[in-house]
file model34.cif (mmCIF, C-alpha atoms)
data_structure
loop_
_atom_site.label_atom_id
_atom_site.label_comp_id
_atom_site.auth_asym_id
_atom_site.auth_seq_id
_atom_site.Cartn_x
_atom_site.Cartn_y
_atom_site.Cartn_z
CA MET A 28 13.48 0.07 2.37
CA THR A 29 12.57 -3.60 2.83
CA ALA A 30 8.98 -4.23 3.85
CA PRO A 31 8.68 -5.81 7.32
CA VAL A 32 7.24 -9.28 7.82
CA PHE A 33 4.60 -9.26 10.55
CA ASP A 34 4.73 -12.54 12.46
CA GLN A 35 2.20 -14.28 14.70
CA THR A 36 3.55 -12.60 17.82
CA PHE A 37 2.96 -9.19 16.27
CA ARG A 38 -0.53 -10.18 15.14
CA GLU A 39 -1.44 -11.29 18.65
CA GLN A 40 -0.16 -7.99 20.04
CA LEU A 41 -2.18 -6.12 17.41
CA ASP A 42 -5.26 -8.12 18.44
CA SER A 43 -4.67 -6.98 22.02
CA LEU A 44 -4.27 -3.36 20.89
CA PHE A 45 -7.67 -3.42 19.20
CA LEU A 46 -9.39 -5.25 22.06
CA TRP A 47 -7.97 -3.02 24.79
CA ARG A 48 -8.61 0.27 22.94
CA ARG A 49 -11.44 1.77 24.96
CA ASP A 50 -13.36 5.04 25.16
CA VAL A 51 -11.89 6.36 28.42
CA ARG A 52 -13.80 8.68 30.76
CA HIS A 53 -11.76 8.26 33.97
CA PHE A 54 -8.28 9.81 33.84
CA ARG A 55 -5.31 10.40 36.06
CA ARG A 56 -4.31 14.05 36.14
CA ASP A 57 -0.58 13.67 35.46
CA PRO A 58 0.26 14.88 31.92
CA VAL A 59 1.48 12.73 29.06
CA PRO A 60 5.05 13.69 28.05
CA GLU A 61 5.19 16.02 25.07
CA SER A 62 7.46 13.58 23.24
CA VAL A 63 4.76 10.90 23.47
CA LEU A 64 2.02 13.26 22.27
CA ASP A 65 4.23 14.34 19.36
CA HIS A 66 4.92 10.73 18.42
CA MET A 67 1.21 9.90 18.51
CA LEU A 68 0.50 12.80 16.13
CA ALA A 69 3.36 11.79 13.83
CA LEU A 70 1.99 8.25 13.58
CA THR A 71 -1.46 9.65 12.88
CA CYS A 72 -0.15 11.57 9.87
CA ALA A 73 0.61 8.20 8.23
CA THR A 74 -3.16 7.54 8.14
CA PRO A 75 -4.55 7.05 4.61
CA SER A 76 -6.55 9.92 3.15
CA VAL A 77 -8.43 10.49 -0.09
CA GLY A 78 -6.06 11.80 -2.74
CA LEU A 79 -3.36 12.12 -0.06
CA SER A 80 -5.20 15.26 1.05
CA GLN A 81 -4.50 14.88 4.80
CA PRO A 82 -7.50 17.09 5.67
CA TRP A 83 -7.35 16.61 9.45
CA ARG A 84 -6.47 19.53 11.73
CA PHE A 85 -5.54 18.65 15.34
CA VAL A 86 -5.97 21.54 17.78
CA ARG A 87 -4.55 21.50 21.31
CA VAL A 88 -6.95 23.21 23.69
CA ASP A 89 -4.85 24.41 26.64
CA ASP A 90 -6.43 27.79 27.41
CA PRO A 91 -8.48 27.53 30.64
CA ALA A 92 -11.17 29.89 29.34
CA ARG A 93 -11.69 27.85 26.17
CA ARG A 94 -11.80 24.62 28.17
CA ALA A 95 -14.40 26.16 30.48
CA ALA A 96 -16.49 27.15 27.45
CA VAL A 97 -16.34 23.59 26.11
CA LYS A 98 -17.38 22.19 29.49
CA SER A 99 -20.32 24.57 29.59
CA GLU A 100 -21.30 23.54 26.06
CA PHE A 101 -21.16 19.88 27.10
CA ARG A 102 -23.33 20.46 30.17
CA GLU A 103 -25.99 22.22 28.09
CA ARG A 104 -26.06 19.60 25.34
CA ASN A 105 -25.98 16.76 27.85
CA ALA A 106 -28.97 18.23 29.67
CA GLU A 107 -30.82 18.29 26.34
CA ALA A 108 -29.84 14.69 25.67
CA LEU A 109 -31.05 13.64 29.12
CA ALA A 110 -34.37 15.37 28.56
CA ALA A 111 -34.76 13.50 25.27
CA GLN A 112 -34.37 10.07 26.89
CA SER A 113 -37.34 7.84 27.40
CA GLU A 114 -38.69 7.50 30.91
CA SER A 115 -37.23 4.01 31.14
CA ASP A 116 -33.74 5.16 30.09
CA SER A 117 -33.45 8.55 31.79
CA THR A 118 -32.31 7.27 35.18
CA ALA A 119 -29.65 5.01 33.64
CA TYR A 120 -28.48 7.81 31.34
CA ALA A 121 -28.12 10.26 34.23
CA ARG A 122 -25.79 7.83 36.01
CA LEU A 123 -23.39 7.50 33.07
CA LYS A 124 -20.12 9.39 33.00
CA LEU A 125 -19.95 10.54 29.40
CA ALA A 126 -16.83 12.71 29.39
CA GLY A 127 -13.53 13.15 31.20
CA LEU A 128 -13.38 16.89 30.64
CA ASP A 129 -12.60 17.73 34.27
CA GLU A 130 -9.85 15.18 34.81
CA ALA A 131 -8.08 14.69 31.46
CA PRO A 132 -4.82 16.66 31.33
CA HIS A 133 -5.03 17.14 27.56
CA HIS A 134 -7.92 18.33 25.39
CA ILE A 135 -7.58 17.95 21.61
CA ALA A 136 -10.17 19.07 19.09
CA VAL A 137 -10.12 17.60 15.59
CA PHE A 138 -11.41 19.49 12.58
CA CYS A 139 -11.57 18.70 8.88
CA ASP A 140 -10.68 21.10 6.09
CA PRO A 141 -13.55 20.28 3.70
CA ASP A 142 -11.73 21.42 0.57
CA PRO A 143 -7.98 21.21 1.11
CA ALA A 144 -5.67 22.28 -1.70
CA GLN A 145 -3.50 19.27 -0.94
CA GLY A 146 -4.50 16.29 -3.05
CA ARG A 147 -5.81 18.55 -5.85
CA GLY A 148 -9.30 17.10 -5.54
CA LEU A 149 -8.32 13.55 -6.43
CA GLY A 150 -11.06 11.06 -5.50
CA ARG A 151 -13.49 13.71 -4.27
CA LEU A 152 -15.58 14.57 -7.31
CA THR A 153 -18.23 11.89 -6.87
CA MET A 154 -17.79 11.39 -3.10
CA PRO A 155 -16.67 14.65 -1.46
CA GLU A 156 -17.58 13.21 1.93
CA THR A 157 -14.43 11.05 1.75
CA VAL A 158 -12.55 14.09 3.05
CA GLN A 159 -14.44 13.83 6.33
CA TRP A 160 -14.04 10.07 6.37
CA SER A 161 -10.29 10.60 6.04
CA ALA A 162 -10.37 12.81 9.14
CA VAL A 163 -12.24 10.07 11.02
CA MET A 164 -9.57 7.58 9.94
CA ALA A 165 -6.99 9.92 11.44
CA ILE A 166 -8.89 10.05 14.72
CA HIS A 167 -8.93 6.25 14.86
CA GLY A 168 -5.22 6.17 14.05
CA PHE A 169 -4.56 8.63 16.88
CA TRP A 170 -6.66 6.44 19.20
CA LEU A 171 -4.64 3.32 18.39
CA ALA A 172 -1.36 5.22 18.74
CA ALA A 173 -2.52 6.41 22.16
CA GLN A 174 -3.35 2.88 23.30
CA ALA A 175 0.04 1.65 22.07
CA HIS A 176 1.59 4.19 24.47
CA ASN A 177 -0.78 3.11 27.28
CA VAL A 178 -2.53 6.46 26.97
CA GLY A 179 -6.30 6.70 27.23
CA LEU A 180 -8.56 8.64 24.88
CA GLY A 181 -12.21 9.58 25.19
CA TRP A 182 -14.27 10.97 22.31
CA VAL A 183 -16.76 13.60 23.50
CA SER A 184 -19.59 13.80 20.98
CA ILE A 185 -22.23 15.60 23.06
CA LEU A 186 -21.32 19.00 21.63
CA ASP A 187 -22.89 21.23 18.98
CA PRO A 188 -20.54 21.23 15.95
CA ASP A 189 -21.76 24.65 14.86
CA HIS A 190 -20.54 26.19 18.13
CA MET A 191 -17.10 24.62 18.29
CA SER A 192 -15.30 26.75 15.70
CA ASP A 193 -16.45 29.89 17.52
CA LEU A 194 -15.52 28.51 20.93
CA LEU A 195 -12.03 27.49 19.80
CA GLY A 196 -11.32 30.32 17.36
CA THR A 197 -10.55 28.10 14.38
CA ALA A 198 -11.02 28.77 10.67
CA PRO A 199 -14.76 29.12 9.98
CA GLU A 200 -14.64 26.74 7.01
CA TRP A 201 -13.21 23.88 9.07
CA ARG A 202 -15.75 21.23 10.05
CA PHE A 203 -15.71 20.06 13.67
CA MET A 204 -15.22 16.29 13.91
CA ALA A 205 -14.29 15.35 17.48
CA TYR A 206 -13.29 16.59 20.90
CA LEU A 207 -10.81 14.22 22.53
CA CYS A 208 -9.90 13.87 26.20
CA VAL A 209 -6.39 12.43 26.46
CA GLY A 210 -4.40 11.16 29.43
CA TYR A 211 -3.41 8.10 31.38
CA PRO A 212 -6.49 6.07 32.37
CA GLU A 213 -7.26 5.38 36.00
CA GLU A 214 -7.80 1.73 35.10
CA GLU A 215 -7.75 -0.45 31.97
CA HIS A 216 -10.61 -2.60 30.66
CA ASP A 217 -11.07 -4.87 27.66
CA THR A 218 -14.84 -4.24 27.52
CA PRO A 219 -16.59 -0.90 26.86
CA GLU A 220 -17.75 1.08 29.88
CA LEU A 221 -21.27 1.28 28.46
CA GLU A 222 -21.37 -2.52 28.48
CA ARG A 223 -19.99 -2.71 32.00
CA LYS A 224 -22.61 -0.21 33.18
CA GLY A 225 -25.45 -2.16 31.54
CA TRP A 226 -26.38 0.47 28.94
CA GLU A 227 -25.69 -1.68 25.86
CA LYS A 228 -24.03 -4.91 24.73
CA ARG A 229 -21.83 -5.47 21.71
CA ALA A 230 -23.80 -7.15 18.91
CA THR A 231 -22.03 -10.38 17.98
CA GLU A 232 -23.93 -10.72 14.72
CA ARG A 233 -22.12 -7.60 13.43
CA GLN A 234 -18.93 -9.68 13.39
CA ARG A 235 -20.19 -11.77 10.48
CA TRP A 236 -20.00 -11.06 6.78
CA ILE A 237 -23.09 -9.90 4.94
CA MET A 238 -23.14 -11.99 1.77
CA ARG A 239 -24.61 -10.84 -1.53
#
call {"tool": "encode", "arguments": {"input": "model34.cif", "output": "structure tokens"}}
result
Amino acid sequence: MTAPVFDQTFREQLDSLFLWRRDVRHFRRDPVPESVLDHMLALTCATPSVGLSQPWRFVRVDDPARRAAVKSEFRERNAEALAAQSESDSTAYARLKLAGLDEAPHHIAVFCDPDPAQGRGLGRLTMPETVQWSAVMAIHGFWLAAQAHNVGLGWVSILDPDHMSDLLGTAPEWRFMAYLCVGYPEEEHDTPELERKGWEKRATERQRWIMR
């Protein structure tokens, strides 16, 4: 197969893909077609991984009882997070919408197999954590694939990882990495919601090289 040549038009579209990829919390309720979800997952499986181990495990959470358990877990952990805020930040934190669990038509949990047979351990002896990093790469790949299909994705991190395997009935050795809300966004933005709401601003100095 001949390698493609990516021209300036493609690069500009790729720039737009990165800039418009947002953490979505406001979703429409109409579902994403199964063919689109399947294509997003197929693209994700082309993500690089240490030793070609492909340690990610994507779990569709469709059962209403399991979804309700995850929502309850989020409410408890979010209450703890609110209580931990400083007095100056607590009011602003309470106003933030930090998950689209009620509206998103699709819930997808991502786990990592910490010691997959695939890859035969290549590249993991000195840095075993690269297995988890590979799973994070897959999540980012899934996020970009979603945006390319005009699908929104929100990463819910206010959950206790130790509880998620029990809540979702997955293999006990799998490590919980992310809980993703997926669906069509109510509106599109090229700036993060936390910036629009005044919680934080993107640090421009992080866009420069650190020279040594």
call {"tool": "closest_residue", "arguments": {"input": "model34.cif", "among": "A:Ser117, A:Leu123, A:Ser80, A:Trp170", "to": "Arg151 of chain A", "atoms": "only C-alpha atoms"}}
result
A:Ser80
call {"tool": "resolve_selection", "arguments": {"input": "model34.cif", "expression": "the PyMOL selection byres ((chain A and resi 83) around 9)", "output": "PyMOL selection string"}}
result
chain A and resi 72+80-82+84-85+137-140+158-159+161-163+165-166
call {"tool": "resolve_selection", "arguments": {"input": "model34.cif", "expression": "the PyMOL selection byres ((chain A and resi 107) around 12)", "output": "PDB file with C-alpha atoms, in the frame of the given file"}}
result
ATOM      1  CA  GLU A 100     -21.300  23.540  26.060  1.00  0.00           C
ATOM      2  CA  PHE A 101     -21.160  19.880  27.100  1.00  0.00           C
ATOM      3  CA  ARG A 102     -23.330  20.460  30.170  1.00  0.00           C
ATOM      4  CA  GLU A 103     -25.990  22.220  28.090  1.00  0.00           C
ATOM      5  CA  ARG A 104     -26.060  19.600  25.340  1.00  0.00           C
ATOM      6  CA  ASN A 105     -25.980  16.760  27.850  1.00  0.00           C
ATOM      7  CA  ALA A 106     -28.970  18.230  29.670  1.00  0.00           C
ATOM      8  CA  ALA A 108     -29.840  14.690  25.670  1.00  0.00           C
ATOM      9  CA  LEU A 109     -31.050  13.640  29.120  1.00  0.00           C
ATOM     10  CA  ALA A 110     -34.370  15.370  28.560  1.00  0.00           C
ATOM     11  CA  ALA A 111     -34.760  13.500  25.270  1.00  0.00           C
ATOM     12  CA  GLN A 112     -34.370  10.070  26.890  1.00  0.00           C
ATOM     13  CA  SER A 117     -33.450   8.550  31.790  1.00  0.00           C
ATOM     14  CA  TYR A 120     -28.480   7.810  31.340  1.00  0.00           C
ATOM     15  CA  ALA A 121     -28.120  10.260  34.230  1.00  0.00           C
ATOM     16  CA  ILE A 185     -22.230  15.600  23.060  1.00  0.00           C
ATOM     17  CA  LEU A 186     -21.320  19.000  21.630  1.00  0.00           C
ATOM     18  CA  ASP A 187     -22.890  21.230  18.980  1.00  0.00           C
TER      19      ASP A 187
END
call {"tool": "resolve_selection", "arguments": {"input": "model34.cif", "expression": "the PyMOL selection byres ((chain A and resi 127) around 9)", "output": "CSV table (one decimal) with C-alpha atoms, in the frame of the given file"}}
result
chain,number,residue,atom,x,y,z
A,51,VAL,CA,-11.9,6.4,28.4
A,52,ARG,CA,-13.8,8.7,30.8
A,53,HIS,CA,-11.8,8.3,34.0
A,54,PHE,CA,-8.3,9.8,33.8
A,124,LYS,CA,-20.1,9.4,33.0
A,125,LEU,CA,-20.0,10.5,29.4
A,126,ALA,CA,-16.8,12.7,29.4
A,128,LEU,CA,-13.4,16.9,30.6
A,129,ASP,CA,-12.6,17.7,34.3
A,130,GLU,CA,-9.8,15.2,34.8
A,131,ALA,CA,-8.1,14.7,31.5
A,181,GLY,CA,-12.2,9.6,25.2
A,183,VAL,CA,-16.8,13.6,23.5
A,208,CYS,CA,-9.9,13.9,26.2
A,209,VAL,CA,-6.4,12.4,26.5
call {"tool": "axis_aligned_box", "arguments": {"input": "model34.cif", "around": "segment 138-155 of chain A", "padding_each_side": "5 Å", "output": "lines of an AutoDock Vina configuration file"}}
result
center_x = -10.9
center_y = 16.7
center_z = 2.6
size_x = 24.7
size_y = 21.2
size_z = 29.9
call {"tool": "residues_around", "arguments": {"input": "model34.cif", "residues": "Gly78 of chain A", "least_positions_apart": "5", "cutoff": "10 Å", "atoms": "all atoms listed in the file", "output": "list in words"}}
result
Gln145, Gly146, Arg147, Gly148, Leu149, Gly150, Arg151, Thr157, Val158 and Ser161 of chain A
call {"tool": "closest_residue", "arguments": {"input": "model34.cif", "among": "A:Ala175, A:Leu195, A:Ala230, A:Leu180", "to": "Val63 of chain A", "atoms": "all atoms listed in the file"}}
result
A:Ala175
call {"tool": "residues_near_point", "arguments": {"input": "model34.cif", "point": "(4.2, 14.7, 24.8)", "cutoff": "12 Å", "atoms": "only C-alpha atoms", "output": "list in words"}}
result
Asp57, Pro58, Val59, Pro60, Glu61, Ser62, Val63, Leu64, Asp65, His66, Met67, Leu68, Ala69, Arg87, Pro132, His133, Ala173, His176, Val178, Val209 and Gly210 of chain A
call {"tool": "write_last_selection", "arguments": {"input": "model34.cif", "atoms": "C-alpha atoms", "output": "mmCIF file, in the frame of the given file"}}
result
data_model
loop_
_atom_site.group_PDB
_atom_site.id
_atom_site.type_symbol
_atom_site.label_atom_id
_atom_site.label_comp_id
_atom_site.auth_asym_id
_atom_site.auth_seq_id
_atom_site.Cartn_x
_atom_site.Cartn_y
_atom_site.Cartn_z
ATOM 1 C CA ASP A 57 -0.580 13.670 35.460
ATOM 2 C CA PRO A 58 0.260 14.880 31.920
ATOM 3 C CA VAL A 59 1.480 12.730 29.060
ATOM 4 C CA PRO A 60 5.050 13.690 28.050
ATOM 5 C CA GLU A 61 5.190 16.020 25.070
ATOM 6 C CA SER A 62 7.460 13.580 23.240
ATOM 7 C CA VAL A 63 4.760 10.900 23.470
ATOM 8 C CA LEU A 64 2.020 13.260 22.270
ATOM 9 C CA ASP A 65 4.230 14.340 19.360
ATOM 10 C CA HIS A 66 4.920 10.730 18.420
ATOM 11 C CA MET A 67 1.210 9.900 18.510
ATOM 12 C CA LEU A 68 0.500 12.800 16.130
ATOM 13 C CA ALA A 69 3.360 11.790 13.830
ATOM 14 C CA ARG A 87 -4.550 21.500 21.310
ATOM 15 C CA PRO A 132 -4.820 16.660 31.330
ATOM 16 C CA HIS A 133 -5.030 17.140 27.560
ATOM 17 C CA ALA A 173 -2.520 6.410 22.160
ATOM 18 C CA HIS A 176 1.590 4.190 24.470
ATOM 19 C CA VAL A 178 -2.530 6.460 26.970
ATOM 20 C CA VAL A 209 -6.390 12.430 26.460
ATOM 21 C CA GLY A 210 -4.400 11.160 29.430
#
call {"tool": "atom_distance", "arguments": {"input": "model34.cif", "atom1": "atom CA of Phe169 of chain A", "atom2": "atom CA of His216 of chain A"}}
result
18.8 Å
call {"tool": "atom_distance", "arguments": {"input": "model34.cif", "atom1": "atom CA of Trp182 of chain A", "atom2": "atom CA of Leu207 of chain A"}}
result
4.8 Å
call {"tool": "atom_distance", "arguments": {"input": "model34.cif", "atom1": "atom CA of Leu70 of chain A", "atom2": "atom CA of Pro155 of chain A"}}
result
24.8 Å
call {"tool": "closest_residue", "arguments": {"input": "model34.cif", "among": "A:Leu44, A:Ala30, A:Leu221, A:Leu171", "to": "Ala119 of chain A", "atoms": "all atoms listed in the file"}}
result
A:Leu221
call {"tool": "closest_residue", "arguments": {"input": "model34.cif", "among": "A:Phe45, A:Trp236, A:Phe33, A:Tyr211", "to": "Gly168 of chain A", "atoms": "all atoms listed in the file"}}
result
A:Phe45
call {"tool": "residues_around", "arguments": {"input": "model34.cif", "residues": "Asp89 of chain A", "least_positions_apart": "3", "cutoff": "10 Å", "atoms": "all atoms listed in the file", "output": "VMD selection string"}}
result
chain A and resid 86 92 to 94 132 to 135
call {"tool": "closest_residue", "arguments": {"input": "model34.cif", "among": "A:Arg56, A:Pro91, A:Trp47, A:Ala144", "to": "Leu79 of chain A", "atoms": "all atoms listed in the file"}}
result
A:Ala144
call {"tool": "closest_residue", "arguments": {"input": "model34.cif", "among": "A:Glu220, A:Ala198, A:Val77, A:Met28", "to": "Leu152 of chain A", "atoms": "only C-alpha atoms"}}
result
A:Val77
call {"tool": "build_atoms", "arguments": {"input": "model34.cif", "residues": "segment 186-199 of chain A", "atoms": "N, CA, C and O atoms", "output": "short mmCIF file (atom, residue, chain, number, x, y, z; two decimals), keeping the file's coordinate frame"}}
result
data_model
loop_
_atom_site.label_atom_id
_atom_site.label_comp_id
_atom_site.auth_asym_id
_atom_site.auth_seq_id
_atom_site.Cartn_x
_atom_site.Cartn_y
_atom_site.Cartn_z
N LEU A 186 -21.68 17.60 21.87
CA LEU A 186 -21.32 19.00 21.63
C LEU A 186 -21.99 19.44 20.33
O LEU A 186 -22.19 18.61 19.43
N ASP A 187 -22.30 20.70 20.21
CA ASP A 187 -22.89 21.23 18.98
C ASP A 187 -21.77 21.62 18.02
O ASP A 187 -21.01 22.55 18.31
N PRO A 188 -21.64 20.92 16.88
CA PRO A 188 -20.54 21.23 15.95
C PRO A 188 -20.53 22.68 15.49
O PRO A 188 -19.45 23.25 15.28
N ASP A 189 -21.70 23.28 15.36
CA ASP A 189 -21.76 24.65 14.86
C ASP A 189 -21.17 25.65 15.85
O ASP A 189 -20.80 26.76 15.46
N HIS A 190 -21.09 25.28 17.12
CA HIS A 190 -20.54 26.19 18.13
C HIS A 190 -19.03 26.05 18.30
O HIS A 190 -18.39 26.98 18.81
N MET A 191 -18.46 24.92 17.91
CA MET A 191 -17.10 24.62 18.29
C MET A 191 -16.05 25.50 17.61
O MET A 191 -15.05 25.87 18.22
N SER A 192 -16.26 25.85 16.36
CA SER A 192 -15.30 26.75 15.70
C SER A 192 -15.25 28.09 16.40
O SER A 192 -14.16 28.66 16.60
N ASP A 193 -16.42 28.61 16.80
CA ASP A 193 -16.45 29.89 17.52
C ASP A 193 -15.79 29.76 18.88
O ASP A 193 -15.02 30.64 19.30
N LEU A 194 -16.09 28.68 19.60
CA LEU A 194 -15.52 28.51 20.93
C LEU A 194 -14.00 28.40 20.90
O LEU A 194 -13.31 28.90 21.80
N LEU A 195 -13.46 27.77 19.85
CA LEU A 195 -12.03 27.49 19.80
C LEU A 195 -11.28 28.43 18.87
O LEU A 195 -10.06 28.34 18.75
N GLY A 196 -11.99 29.33 18.19
CA GLY A 196 -11.32 30.32 17.36
C GLY A 196 -10.60 29.74 16.17
O GLY A 196 -9.53 30.24 15.78
N THR A 197 -11.18 28.73 15.55
CA THR A 197 -10.55 28.10 14.38
C THR A 197 -11.13 28.68 13.10
O THR A 197 -12.09 29.46 13.12
N ALA A 198 -10.55 28.29 11.97
CA ALA A 198 -11.02 28.77 10.67
C ALA A 198 -12.49 28.42 10.49
O ALA A 198 -12.90 27.28 10.72
N PRO A 199 -13.32 29.38 10.06
CA PRO A 199 -14.76 29.12 9.98
C PRO A 199 -15.14 28.03 9.00
O PRO A 199 -16.20 27.40 9.15
#
